[in-house]
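What follows is the content of start-v7.cif (mmCIF, C-alpha atoms).
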```
data_data
#
loop_
_atom_site.label_atom_id
_atom_site.label_comp_id
_atom_site.auth_asym_id
_atom_site.auth_seq_id
_atom_site.Cartn_x
_atom_site.Cartn_y
_atom_site.Cartn_z
CA MET L 1 122.72 94.12 114.35
CA ILE L 2 120.06 96.01 116.33
CA SER L 3 120.61 98.54 119.08
CA ARG L 4 119.18 98.63 122.60
CA ILE L 5 117.43 101.42 124.47
CA ASP L 6 117.27 100.76 128.21
CA LEU L 7 114.42 102.58 129.93
CA ARG L 8 114.56 100.54 133.12
CA GLY L 9 115.22 101.91 136.58
CA ASP L 10 113.65 105.35 136.38
CA SER L 11 110.07 106.46 135.96
CA LEU L 12 109.19 107.03 132.32
CA PRO L 13 108.84 110.61 131.11
CA GLU L 14 105.50 111.76 129.73
CA GLY L 15 104.32 112.79 126.30
CA GLY L 16 106.85 114.26 123.91
CA ALA L 17 109.76 113.59 126.25
CA LEU L 18 109.07 109.86 126.00
CA ARG L 19 108.58 110.00 122.24
CA ASP L 20 111.94 111.69 121.88
CA LEU L 21 113.65 108.68 123.49
CA LEU L 22 112.21 106.22 120.97
CA PRO L 23 113.68 105.23 117.60
CA ARG L 24 112.27 106.82 114.47
CA ALA L 25 113.34 107.00 110.83
CA GLU L 26 114.38 110.32 109.34
CA PHE L 27 111.80 111.19 106.69
CA ASP L 28 112.01 114.87 105.77
CA VAL L 29 108.95 115.52 103.66
CA ALA L 30 109.36 119.29 103.99
CA ALA L 31 112.80 119.14 102.34
CA ALA L 32 111.40 117.04 99.49
CA LEU L 33 108.72 119.66 98.78
CA ASP L 34 111.18 121.93 96.99
CA LYS L 35 112.03 119.13 94.57
CA VAL L 36 108.50 117.99 93.83
CA ARG L 37 107.02 121.47 93.37
CA PRO L 38 108.50 122.07 89.87
CA ILE L 39 107.58 118.53 88.82
CA CYS L 40 103.98 119.01 89.88
CA GLU L 41 103.68 122.37 88.16
CA ASP L 42 105.27 120.99 85.00
CA VAL L 43 102.56 118.31 84.88
CA HIS L 44 100.02 121.08 85.47
CA HIS L 45 101.18 123.02 82.43
CA ARG L 46 102.26 120.26 80.01
CA GLY L 47 100.15 117.31 81.07
CA THR L 48 100.87 114.03 79.29
CA ALA L 49 104.04 115.38 77.65
CA ALA L 50 105.56 116.05 81.06
CA LEU L 51 104.61 112.57 82.30
CA ILE L 52 106.26 110.99 79.26
CA GLU L 53 109.41 113.01 79.88
CA TYR L 54 109.56 112.00 83.56
CA ALA L 55 109.03 108.35 82.63
CA ARG L 56 112.13 108.64 80.43
CA LYS L 57 114.12 110.51 83.09
CA PHE L 58 113.17 108.58 86.24
CA ASP L 59 112.09 105.17 84.98
CA GLY L 60 114.21 104.74 81.85
CA VAL L 61 111.27 104.00 79.56
CA GLU L 62 109.97 105.52 76.34
CA LEU L 63 106.21 105.95 76.34
CA GLU L 64 103.80 107.22 73.73
CA ARG L 65 100.87 107.36 76.10
CA ILE L 66 100.39 107.05 79.85
CA ARG L 67 97.11 105.15 80.01
CA VAL L 68 97.56 101.39 79.98
CA PRO L 69 95.74 99.69 77.07
CA ALA L 70 92.83 97.45 78.04
CA GLU L 71 94.46 94.56 76.22
CA ALA L 72 97.49 94.74 78.53
CA LEU L 73 95.23 94.30 81.56
CA LYS L 74 93.52 91.33 79.94
CA VAL L 75 96.79 89.64 78.97
CA SER L 76 98.32 90.20 82.42
CA LEU L 77 95.40 88.42 84.06
CA GLU L 78 95.46 85.57 81.55
CA GLU L 79 99.18 85.02 82.11
CA LEU L 80 99.07 85.34 85.91
CA ASP L 81 100.37 82.36 87.85
CA PRO L 82 97.25 80.41 88.96
CA ALA L 83 98.52 80.20 92.54
CA VAL L 84 99.05 83.98 92.68
CA ARG L 85 95.61 84.52 91.19
CA ALA L 86 94.01 82.29 93.81
CA ALA L 87 95.83 84.13 96.59
CA LEU L 88 94.78 87.53 95.24
CA GLU L 89 91.18 86.39 94.90
CA GLU L 90 91.15 85.19 98.50
CA SER L 91 92.70 88.45 99.67
CA ILE L 92 90.00 90.37 97.78
CA ARG L 93 87.25 88.16 99.23
CA ARG L 94 88.38 88.68 102.81
CA ALA L 95 88.89 92.42 102.35
CA ARG L 96 85.36 92.74 100.98
CA ILE L 97 83.91 90.90 103.99
CA VAL L 98 85.50 93.40 106.37
CA HIS L 99 85.03 96.58 104.37
CA ALA L 100 81.42 95.84 103.42
CA GLN L 101 80.56 96.19 107.11
CA GLN L 102 82.09 99.67 107.35
CA ARG L 103 79.58 101.60 105.24
CA ARG L 104 77.63 104.05 107.37
CA SER L 105 73.89 104.49 106.99
CA GLU L 106 71.92 107.72 106.83
CA HIS L 107 70.53 108.80 110.19
CA THR L 108 67.94 111.43 111.10
CA THR L 109 67.83 113.04 114.55
CA GLN L 110 64.78 114.95 115.73
CA VAL L 111 66.26 117.86 117.67
CA VAL L 112 62.90 119.42 118.56
CA PRO L 113 59.37 118.87 117.25
CA GLY L 114 59.51 120.08 113.67
CA GLY L 115 63.31 120.32 113.59
CA THR L 116 65.54 117.56 112.27
CA VAL L 117 69.14 117.08 111.27
CA THR L 118 69.94 114.22 108.91
CA GLU L 119 73.47 113.02 108.30
CA LYS L 120 73.91 111.34 104.96
CA TRP L 121 77.10 109.79 103.63
CA VAL L 122 78.14 110.51 100.07
CA PRO L 123 81.15 108.96 98.34
CA VAL L 124 83.71 111.18 96.66
CA GLU L 125 83.05 111.24 92.92
CA ARG L 126 86.49 110.25 91.66
CA VAL L 127 89.64 108.92 93.31
CA GLY L 128 93.18 108.33 92.11
CA LEU L 129 94.86 105.35 93.75
CA TYR L 130 98.60 104.82 93.89
CA ALA L 131 100.35 101.43 93.93
CA PRO L 132 104.13 101.59 94.51
CA GLY L 133 106.52 99.86 92.15
CA GLY L 134 110.04 100.53 93.37
CA ARG L 135 111.98 97.86 95.25
CA SER L 136 109.01 95.49 95.27
CA VAL L 137 105.73 94.94 93.49
CA TYR L 138 102.59 95.50 95.59
CA PRO L 139 99.40 94.01 94.13
CA SER L 140 98.22 93.82 97.74
CA SER L 141 98.22 97.62 97.83
CA VAL L 142 95.95 97.63 94.80
CA ILE L 143 93.47 95.53 96.76
CA MET L 144 93.77 97.62 99.92
CA ASN L 145 93.00 100.83 98.02
CA VAL L 146 90.41 99.61 95.53
CA VAL L 147 88.19 97.50 97.80
CA PRO L 148 87.26 100.25 100.31
CA ALA L 149 86.73 102.74 97.48
CA GLN L 150 84.40 100.32 95.72
CA GLU L 151 82.56 99.44 98.93
CA ALA L 152 82.09 103.16 99.59
CA GLY L 153 80.40 103.49 96.21
CA VAL L 154 83.00 105.65 94.45
CA ALA L 155 81.84 105.90 90.85
CA SER L 156 85.14 106.67 89.15
CA ILE L 157 88.35 104.92 90.20
CA ALA L 158 91.72 105.29 88.48
CA LEU L 159 95.03 103.75 89.50
CA ALA L 160 98.63 104.72 88.80
CA SER L 161 101.77 102.65 89.22
CA PRO L 162 105.30 103.35 87.96
CA PRO L 163 106.25 102.19 84.47
CA GLN L 164 108.75 99.31 84.42
CA ALA L 165 111.57 99.02 81.88
CA ASP L 166 111.43 95.24 82.19
CA PHE L 167 107.81 95.19 81.03
CA GLY L 168 107.86 97.53 78.06
CA GLY L 169 107.05 100.65 80.03
CA LEU L 170 103.92 99.19 81.60
CA PRO L 171 103.40 98.80 85.34
CA HIS L 172 104.30 95.39 86.72
CA PRO L 173 101.99 92.73 85.20
CA THR L 174 100.90 91.51 88.64
CA ILE L 175 99.67 95.05 89.40
CA LEU L 176 97.75 95.02 86.13
CA ALA L 177 96.32 91.57 86.85
CA ALA L 178 95.12 92.72 90.28
CA CYS L 179 93.40 95.69 88.63
CA ALA L 180 91.70 93.35 86.17
CA LEU L 181 90.50 91.07 88.97
CA LEU L 182 88.97 94.09 90.70
CA GLY L 183 87.36 95.46 87.55
CA ILE L 184 89.59 98.55 87.38
CA ASP L 185 90.22 99.39 83.72
CA GLU L 186 91.55 102.95 84.07
CA VAL L 187 95.23 102.43 84.85
CA TYR L 188 98.18 104.74 84.21
CA ALA L 189 101.90 104.08 83.90
CA ALA L 190 103.02 106.92 86.14
CA GLY L 191 104.94 107.02 89.39
CA GLY L 192 106.18 109.37 92.07
CA ALA L 193 105.13 112.98 92.48
CA GLN L 194 104.16 113.22 88.81
CA ALA L 195 101.46 110.58 89.30
CA VAL L 196 99.96 112.53 92.20
CA ALA L 197 100.08 115.71 90.09
CA MET L 198 98.32 113.90 87.24
CA PHE L 199 95.44 113.06 89.55
CA ALA L 200 95.38 116.50 91.17
CA TYR L 201 95.43 118.59 87.98
CA GLY L 202 94.27 116.15 85.32
CA THR L 203 95.93 115.72 81.93
CA GLN L 204 94.87 115.13 78.34
CA GLU L 205 94.38 111.45 79.19
CA CYS L 206 93.35 111.55 82.86
CA ALA L 207 90.50 113.52 84.41
CA PRO L 208 91.32 115.19 87.74
CA ALA L 209 90.41 113.33 90.92
CA ASN L 210 88.89 114.57 94.14
CA MET L 211 91.17 112.44 96.29
CA VAL L 212 94.45 110.49 96.10
CA THR L 213 95.26 107.54 98.34
CA GLY L 214 97.91 104.86 98.58
CA PRO L 215 101.41 104.35 99.99
CA GLY L 216 104.56 105.55 98.25
CA ASN L 217 108.06 106.91 98.69
CA ILE L 218 109.06 110.30 100.05
CA TRP L 219 108.31 111.99 96.70
CA VAL L 220 104.75 110.68 96.76
CA ALA L 221 104.38 111.84 100.36
CA ALA L 222 105.75 115.29 99.50
CA ALA L 223 103.39 115.62 96.53
CA LYS L 224 100.45 114.72 98.76
CA ARG L 225 101.47 117.47 101.14
CA TYR L 226 101.85 119.89 98.23
CA PHE L 227 98.29 119.23 97.09
CA THR L 228 96.65 119.14 100.52
CA GLY L 229 93.72 121.54 100.30
CA LYS L 230 93.30 121.05 96.56
CA ILE L 231 92.55 117.34 96.82
CA GLY L 232 91.85 114.95 99.64
CA ILE L 233 94.61 112.59 100.74
CA ASP L 234 94.71 109.60 103.03
CA THR L 235 98.04 110.16 104.76
CA GLU L 236 101.66 111.09 104.10
CA ALA L 237 102.86 107.52 104.41
CA GLY L 238 106.47 107.11 105.53
CA PRO L 239 108.64 104.00 105.85
CA THR L 240 106.86 100.97 107.26
CA GLU L 241 107.03 100.21 110.99
CA ILE L 242 106.52 97.24 113.25
CA ALA L 243 106.54 97.37 117.03
CA VAL L 244 106.22 94.24 119.15
CA LEU L 245 105.17 94.40 122.80
CA ALA L 246 106.35 91.11 124.30
CA ASP L 247 107.04 89.42 127.61
CA SER L 248 108.87 86.26 128.59
CA THR L 249 106.13 84.06 127.14
CA ALA L 250 106.87 85.23 123.58
CA ASP L 251 108.68 82.93 121.17
CA PRO L 252 111.95 84.63 120.09
CA VAL L 253 111.77 82.80 116.76
CA HIS L 254 108.41 84.42 116.02
CA VAL L 255 109.50 87.86 117.21
CA ALA L 256 112.71 87.84 115.16
CA ALA L 257 110.89 86.64 112.06
CA ASP L 258 108.26 89.37 112.39
CA LEU L 259 110.87 92.11 112.84
CA ILE L 260 112.67 90.90 109.70
CA SER L 261 109.41 90.70 107.76
CA GLN L 262 109.01 94.48 107.89
CA ALA L 263 112.73 95.25 107.65
CA GLU L 264 112.78 93.69 104.19
CA HIS L 265 110.57 96.48 102.82
CA ASP L 266 113.11 99.27 102.89
CA PRO L 267 116.42 100.29 104.51
CA LEU L 268 114.43 102.94 106.41
CA ALA L 269 111.85 100.43 107.70
CA ALA L 270 111.54 100.40 111.48
CA ALA L 271 111.59 97.27 113.63
CA VAL L 272 111.08 97.84 117.37
CA LEU L 273 110.76 95.32 120.18
CA VAL L 274 109.48 96.58 123.54
CA THR L 275 109.89 94.05 126.35
CA ASP L 276 110.24 93.68 130.10
CA SER L 277 112.29 90.50 129.62
CA ALA L 278 116.05 90.84 129.21
CA GLU L 279 116.14 87.11 128.47
CA LEU L 280 113.74 87.53 125.55
CA ALA L 281 115.75 90.48 124.25
CA GLU L 282 118.93 88.40 124.24
CA ALA L 283 117.17 85.43 122.64
CA VAL L 284 115.76 87.63 119.87
CA GLU L 285 119.20 89.14 119.22
CA ARG L 286 120.63 85.63 118.87
CA GLU L 287 117.78 84.50 116.66
CA LEU L 288 118.12 87.46 114.29
CA VAL L 289 121.57 86.29 113.15
CA PRO L 290 120.61 83.02 111.41
CA GLN L 291 117.25 84.31 110.22
CA VAL L 292 118.79 87.38 108.58
CA ALA L 293 121.47 85.22 107.01
CA ALA L 294 118.77 83.02 105.47
CA SER L 295 116.81 85.98 104.08
CA LYS L 296 116.87 87.42 100.55
CA HIS L 297 117.27 91.19 100.77
CA ILE L 298 120.06 91.18 103.36
CA GLU L 299 122.53 93.91 102.43
CA ASP L 300 120.28 96.37 100.62
CA ARG L 301 117.32 96.38 103.03
CA ILE L 302 117.25 94.12 106.08
CA LYS L 303 120.64 94.84 107.66
CA PRO L 304 120.44 98.62 107.13
CA ALA L 305 116.89 98.66 108.51
CA LEU L 306 117.72 96.67 111.64
CA ALA L 307 120.94 98.59 112.27
CA GLY L 308 119.40 102.01 111.58
CA ARG L 309 118.45 104.57 114.18
CA GLN L 310 114.79 103.73 113.54
CA SER L 311 115.08 100.19 114.96
CA ALA L 312 115.85 99.03 118.50
CA ILE L 313 115.06 96.70 121.35
CA VAL L 314 113.54 98.81 124.14
CA LEU L 315 113.86 97.38 127.65
CA VAL L 316 111.29 98.42 130.26
CA ASP L 317 110.61 97.48 133.88
CA SER L 318 107.09 96.18 133.31
CA LEU L 319 104.40 95.63 130.69
CA GLU L 320 102.62 98.69 132.11
CA ASP L 321 105.67 100.72 131.11
CA GLY L 322 105.77 98.84 127.82
CA LEU L 323 102.20 99.89 127.13
CA LYS L 324 103.15 103.53 127.74
CA VAL L 325 106.07 103.15 125.33
CA VAL L 326 104.04 101.64 122.48
CA ASP L 327 101.32 104.25 122.95
CA ALA L 328 103.96 106.99 122.75
CA TYR L 329 105.48 105.35 119.68
CA GLY L 330 102.14 104.95 117.83
CA ALA L 331 103.27 102.17 115.50
CA GLU L 332 101.84 101.52 112.07
CA HIS L 333 101.74 97.81 113.00
CA LEU L 334 101.72 96.72 116.64
CA GLU L 335 102.00 93.08 117.67
CA ILE L 336 101.09 92.00 121.21
CA GLN L 337 102.95 88.81 122.12
CA THR L 338 102.32 88.49 125.83
CA ALA L 339 100.36 86.37 128.24
CA ASP L 340 96.72 87.48 128.00
CA ALA L 341 97.52 89.34 124.78
CA ALA L 342 93.90 90.28 124.07
CA ALA L 343 93.60 92.14 127.38
CA TRP L 344 96.76 94.14 126.70
CA ALA L 345 95.67 94.85 123.13
CA ALA L 346 92.36 96.23 124.41
CA ARG L 347 94.25 98.88 126.38
CA VAL L 348 96.32 100.18 123.45
CA ARG L 349 95.27 103.66 122.31
CA ASN L 350 97.72 104.47 119.52
CA ALA L 351 98.38 102.06 116.67
CA GLY L 352 97.48 101.78 113.01
CA ALA L 353 96.56 98.12 113.43
CA ILE L 354 96.97 95.72 116.36
CA PHE L 355 97.89 92.05 115.92
CA VAL L 356 96.96 89.90 118.90
CA GLY L 357 98.94 86.87 120.00
CA PRO L 358 101.40 84.54 118.28
CA TRP L 359 99.05 83.56 115.46
CA SER L 360 98.23 87.04 114.13
CA PRO L 361 101.49 88.27 112.57
CA VAL L 362 101.72 91.52 110.62
CA SER L 363 102.30 89.56 107.42
CA LEU L 364 98.77 88.19 107.73
CA GLY L 365 97.45 91.74 107.82
CA ASP L 366 99.57 92.67 104.83
CA TYR L 367 97.71 90.18 102.67
CA CYS L 368 94.82 88.08 103.94
CA ALA L 369 93.48 89.09 107.36
CA GLY L 370 90.73 91.17 105.77
CA SER L 371 92.04 94.31 107.46
CA ASN L 372 93.55 97.20 105.51
CA HIS L 373 97.32 97.59 105.35
CA VAL L 374 97.37 101.27 104.30
CA LEU L 375 98.05 102.64 107.77
CA PRO L 376 99.42 105.79 109.48
CA THR L 377 103.19 105.88 110.00
CA GLY L 378 105.68 108.13 111.77
CA GLY L 379 103.64 108.30 114.97
CA CYS L 380 100.53 109.58 113.16
CA ALA L 381 98.49 106.73 114.63
CA CYS L 382 97.92 109.00 117.65
CA HIS L 383 95.56 111.10 115.50
CA SER L 384 94.91 109.26 112.22
CA SER L 385 93.32 106.02 111.07
CA GLY L 386 94.14 103.52 108.37
CA LEU L 387 92.39 103.49 105.01
CA SER L 388 88.76 102.35 105.19
CA VAL L 389 85.39 102.84 103.55
CA GLN L 390 85.01 105.99 105.68
CA SER L 391 88.07 107.46 103.96
CA PHE L 392 86.05 107.76 100.74
CA LEU L 393 82.82 109.06 102.27
CA ARG L 394 81.74 112.61 103.11
CA GLY L 395 79.23 113.29 105.83
CA ILE L 396 76.66 115.94 104.90
CA HIS L 397 74.18 117.42 107.39
CA ILE L 398 70.69 118.18 106.10
CA VAL L 399 68.83 120.69 108.28
CA ASP L 400 65.03 120.73 108.01
CA TYR L 401 63.03 123.00 110.38
CA THR L 402 59.39 124.03 110.24
CA ARG L 403 58.22 127.62 110.74
CA ASP L 404 57.20 126.96 114.33
CA ALA L 405 60.47 125.20 115.17
CA LEU L 406 62.47 128.13 113.79
CA ALA L 407 60.31 130.67 115.58
CA ASP L 408 60.87 128.89 118.87
CA VAL L 409 64.67 129.23 118.67
CA THR L 410 65.03 132.57 116.89
CA HIS L 411 65.66 134.57 120.04
CA HIS L 412 68.63 132.33 120.91
CA VAL L 413 70.09 132.70 117.41
CA VAL L 414 69.69 136.48 117.51
CA THR L 415 71.29 136.66 120.95
CA LEU L 416 74.30 134.62 119.88
CA ALA L 417 74.66 136.51 116.61
CA GLU L 418 74.75 139.83 118.41
CA ALA L 419 77.17 138.44 121.01
CA GLU L 420 79.51 137.69 118.12
CA ASP L 421 78.86 141.12 116.56
CA LEU L 422 77.27 139.55 113.51
CA PRO L 423 73.82 141.19 113.61
CA ALA L 424 72.99 140.30 110.00
CA HIS L 425 72.95 136.65 111.05
CA GLY L 426 70.14 137.44 113.44
CA ALA L 427 68.42 139.73 110.94
CA ALA L 428 68.19 136.77 108.52
CA LEU L 429 65.85 135.12 111.03
CA LYS L 430 63.99 138.29 112.04
CA ALA L 431 63.13 138.92 108.38
CA ARG L 432 61.00 135.79 108.46
CA PHE L 433 58.88 137.01 111.38
CA ASP L 434 57.37 140.16 112.81
CA TRP L 435 59.75 139.73 115.71
CA LYS L 436 61.61 141.86 118.20
CA VAL L 437 64.12 140.92 120.86
CA PRO L 438 62.09 140.35 124.03
CA THR L 439 62.78 142.78 126.89
CA GLN L 440 64.04 141.30 130.12
#
```
What would the structure in this file look like if it were written as structure tokens?
Amino acid sequence: MISRIDLRGDSLPEGGALRDLLPRAEFDVAAALDKVRPICEDVHHRGTAALIEYARKFDGVELERIRVPAEALKVSLEELDPAVRAALEESIRRARIVHAQQRRSEHTTQVVPGGTVTEKWVPVERVGLYAPGGRSVYPSSVIMNVVPAQEAGVASIALASPPQADFGGLPHPTILAACALLGIDEVYAAGGAQAVAMFAYGTQECAPANMVTGPGNIWVAAAKRYFTGKIGIDTEAGPTEIAVLADSTADPVHVAADLISQAEHDPLAAAVLVTDSAELAEAVERELVPQVAASKHIEDRIKPALAGRQSAIVLVDSLEDGLKVVDAYGAEHLEIQTADAAAWAARVRNAGAIFVGPWSPVSLGDYCAGSNHVLPTGGCACHSSGLSVQSFLRGIHIVDYTRDALADVTHHVVTLAEAEDLPAHGAALKARFDWKVPTQ
């Protein structure tokens, strides 16, 4: 059901050589670019008409407009299962607690007497948020995108989610209800690359956005790459990943359940166990059989995900080697199920989010930990962070020097300008003073 990679016996390679030994899903965004380019440009030129045509072609729905009526949001919230509403409200509450603490404050540094640099943080003016709607419905992704944008102070927030044939061409009602709970009233029935293009270019119904965030399929990822430079993006999110670093103290029932929990997302989802215990590996393999059999999405998602090249049990000689492996892998979600888990977690350098010990499973983070579940995938955790309030803020430096402070440093500026063969840079300062380069 799941393959093994045995890295025991020899010293581990370094860097890219180690990464090449580890399982990873194939996710060719570059190849998808050729297919999304004409879609994006069609939306650019025809706007709403193109979105309506793609809704018919890709989603099998007939739309007259893309923006969701306010009444549909209201009705979706009124008809929401009370238990689901309570769970969403608690998820929102916990996310706000965490994200409210992330906002940075303005800070002024006195560089020299009379010379200061202030860094202020300004939210982007308008963002377009994407909530997937393919194999599953993700109101949790609405929360994870909206809350940090709101806590950052973004003034204009719009959200897109694919139209659903089962709901009259509207996005899933639970998505709409989550938007209503969060006070988001600008919602569009648009999915895939065309939704990203709508936010990037704007249409007759939707004003262009400065930034697009949110997880999606390969077409969404390709569209984000296409528009990089025109708009801000969070990340090119690929298939979800879980890695578990575990030793002999881990419960195989827990480990197997957590691997399955991410495998049920998508047949390309990655489930990786890294352990120095052959006994645990064997116990997890045994435990996967009955747990998979008792699951819902067995044939279309879980089995292909666990059996795919992106999933494996990786055997190592020691937890030190295991730490090197998980750092090389850079998982979206990394669980530490070892003795003294907090100490091992503190040493991890590359992960989107770290879940410490047996009582902090990834599923908690997906919904109600308070953390954000929009995280870097495909090894990007070695250089990128998950979505946060900072994602929606821009740092701006404000330079304020007096005449004396500028005069004191002018000779250094002139020297450096001339060293770079940019004498006009220096002349811009000399023009302010009766000044000549001092002779040595």
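When all atoms listed in the file are used to compute distances to Ala190 in chain L, the closest of the residues L:Gly128, L:Pro148, L:Pro304, L:Gly153 turns out to be L:Gly128.
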task = Can you work out which one of L:Ser156, L:Gln150, L:Asn210, L:Ser141 has the shortest atom-to-atom distance to Ala178 in chain L, counting only C-alpha atoms?
result =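 Among L:Ser156, L:Gln150, L:Asn210, L:Ser141, it is L:Ser141 that comes nearest to Ala178 in chain L.
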query = Around (118.2, 99.2, 81.5) in the file's frame, which residues reach within 10 Å when counting all atoms listed in the file? Return as a list in words?
reply =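 Those within range, by chain then number, are Asp59, Gly60, Val61, Gln164, Ala165 and Asp166 of chain L.
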inquiry  = Using Å and a single decimal, report how far CA of Gly395 in chain L sits from CA of Thr415 in chain L.
reply    = 28.9 Å
remark   = Using only C-alpha atoms, the shortest atom-to-atom distance to Ala269 in chain L among L:Gly378, L:Arg8, L:Leu51, L:Val36 belongs to L:Gly378
query = Looking at L:Ser91, L:Ser161, L:Ser105, L:Thr410, which one is nearest to Thr118 in chain L, with distances taken over only C-alpha atoms?
reply =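 Smallest separation from Thr118 in chain L among the options: L:Ser105.
Across the model, the gap from CA of Glu78 in chain L to CA of Ala207 in chain L is 28.5 Å.
If you measure from each of L:Thr402, L:Pro423, L:Arg94, L:Leu387 to Gln110 in chain L using all atoms listed in the file, the closest one turns out to be L:Thr402.
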Close residues, Gly114 in chain L itself excluded, 12 Å, only C-alpha atoms, min 3 positions apart in chain, as a PyMOL selection string = chain L and resi 109-111+117+399-409
Residues from last step as file, C-alpha atoms, as a CSV table (one decimal), in the coordinates of the input:
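File produced: out_37.csv:
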```
chain,number,residue,atom,x,y,z
L,109,THR,CA,67.8,113.0,114.6
L,110,GLN,CA,64.8,115.0,115.7
L,111,VAL,CA,66.3,117.9,117.7
L,117,VAL,CA,69.1,117.1,111.3
L,399,VAL,CA,68.8,120.7,108.3
L,400,ASP,CA,65.0,120.7,108.0
L,401,TYR,CA,63.0,123.0,110.4
L,402,THR,CA,59.4,124.0,110.2
L,403,ARG,CA,58.2,127.6,110.7
L,404,ASP,CA,57.2,127.0,114.3
L,405,ALA,CA,60.5,125.2,115.2
L,406,LEU,CA,62.5,128.1,113.8
L,407,ALA,CA,60.3,130.7,115.6
L,408,ASP,CA,60.9,128.9,118.9
L,409,VAL,CA,64.7,129.2,118.7
```
At a cut-off of 10 Å, using only C-alpha atoms, what residues contact Ser3 in chain L? Leave out same-chain residues fewer than 6 positions from it and give the result as a PDB file with C-alpha atoms, keeping the file's coordinate frame.
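The resulting file, selection_24.pdb, is shown below:
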```
ATOM      1  CA  PRO L  23     113.680 105.230 117.600  1.00  0.00           C
ATOM      2  CA  VAL L 272     111.080  97.840 117.370  1.00  0.00           C
ATOM      3  CA  GLU L 285     119.200  89.140 119.220  1.00  0.00           C
ATOM      4  CA  LEU L 306     117.720  96.670 111.640  1.00  0.00           C
ATOM      5  CA  ALA L 307     120.940  98.590 112.270  1.00  0.00           C
ATOM      6  CA  GLY L 308     119.400 102.010 111.580  1.00  0.00           C
ATOM      7  CA  ARG L 309     118.450 104.570 114.180  1.00  0.00           C
ATOM      8  CA  GLN L 310     114.790 103.730 113.540  1.00  0.00           C
ATOM      9  CA  SER L 311     115.080 100.190 114.960  1.00  0.00           C
ATOM     10  CA  ALA L 312     115.850  99.030 118.500  1.00  0.00           C
ATOM     11  CA  ILE L 313     115.060  96.700 121.350  1.00  0.00           C
ATOM     12  CA  VAL L 314     113.540  98.810 124.140  1.00  0.00           C
TER      13      VAL L 314
END
```
inquiry  = Assuming the chain letters and numbering stay as they are in my file, what does the PyMOL selection byres ((chain L and resi 31) around 12) actually select? List them as a VMD selection string.
reply    = chain L and resid 26 to 30 32 to 37 218 to 219 221 to 223 225 to 226
message = Translate the PyMOL selection byres ((chain L and resi 354) around 8) into a concrete residue list for this structure, as a list in words.
response = His333, Leu334, Glu335, Ile336, Ala345, Ala351, Gly352, Ala353, Phe355 and Val356 of chain L
message = Restricting the calculation to only C-alpha atoms: of L:Ser385, L:Thr174, L:Ser371, L:Thr235, which residue gets closest to Leu77 in chain L?
response = L:Thr174
inquiry  = Translate the PyMOL selection byres ((chain L and resi 203) around 8) into a concrete residue list for this structure, as a ChimeraX atom specification.
reply    = /L:43-44,47-48,198,201-202,204-208
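Atom to atom, CA of Ala341 in chain L and CA of Ser363 in chain L stand 18.0 Å apart.
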Centre and edge lengths, as lines of an AutoDock Vina configuration file, for the axis-aligned box enclosing every listed atom of range 28-42 of chain L with 3 Å of padding on each of the six sides, in Å to one decimal?
```
center_x = 108.2
center_y = 118.6
center_z = 95.4
size_x = 15.1
size_y = 13.5
size_z = 26.8
```
query = Within 10 Å of Ala131 in chain L, counting only C-alpha atoms, which residues qualify if same-chain residues fewer than 2 places away don't, as a PyMOL selection string?
reply = chain L and resi 129+133-134+137-145+159-162+171+175+190-191+213-216
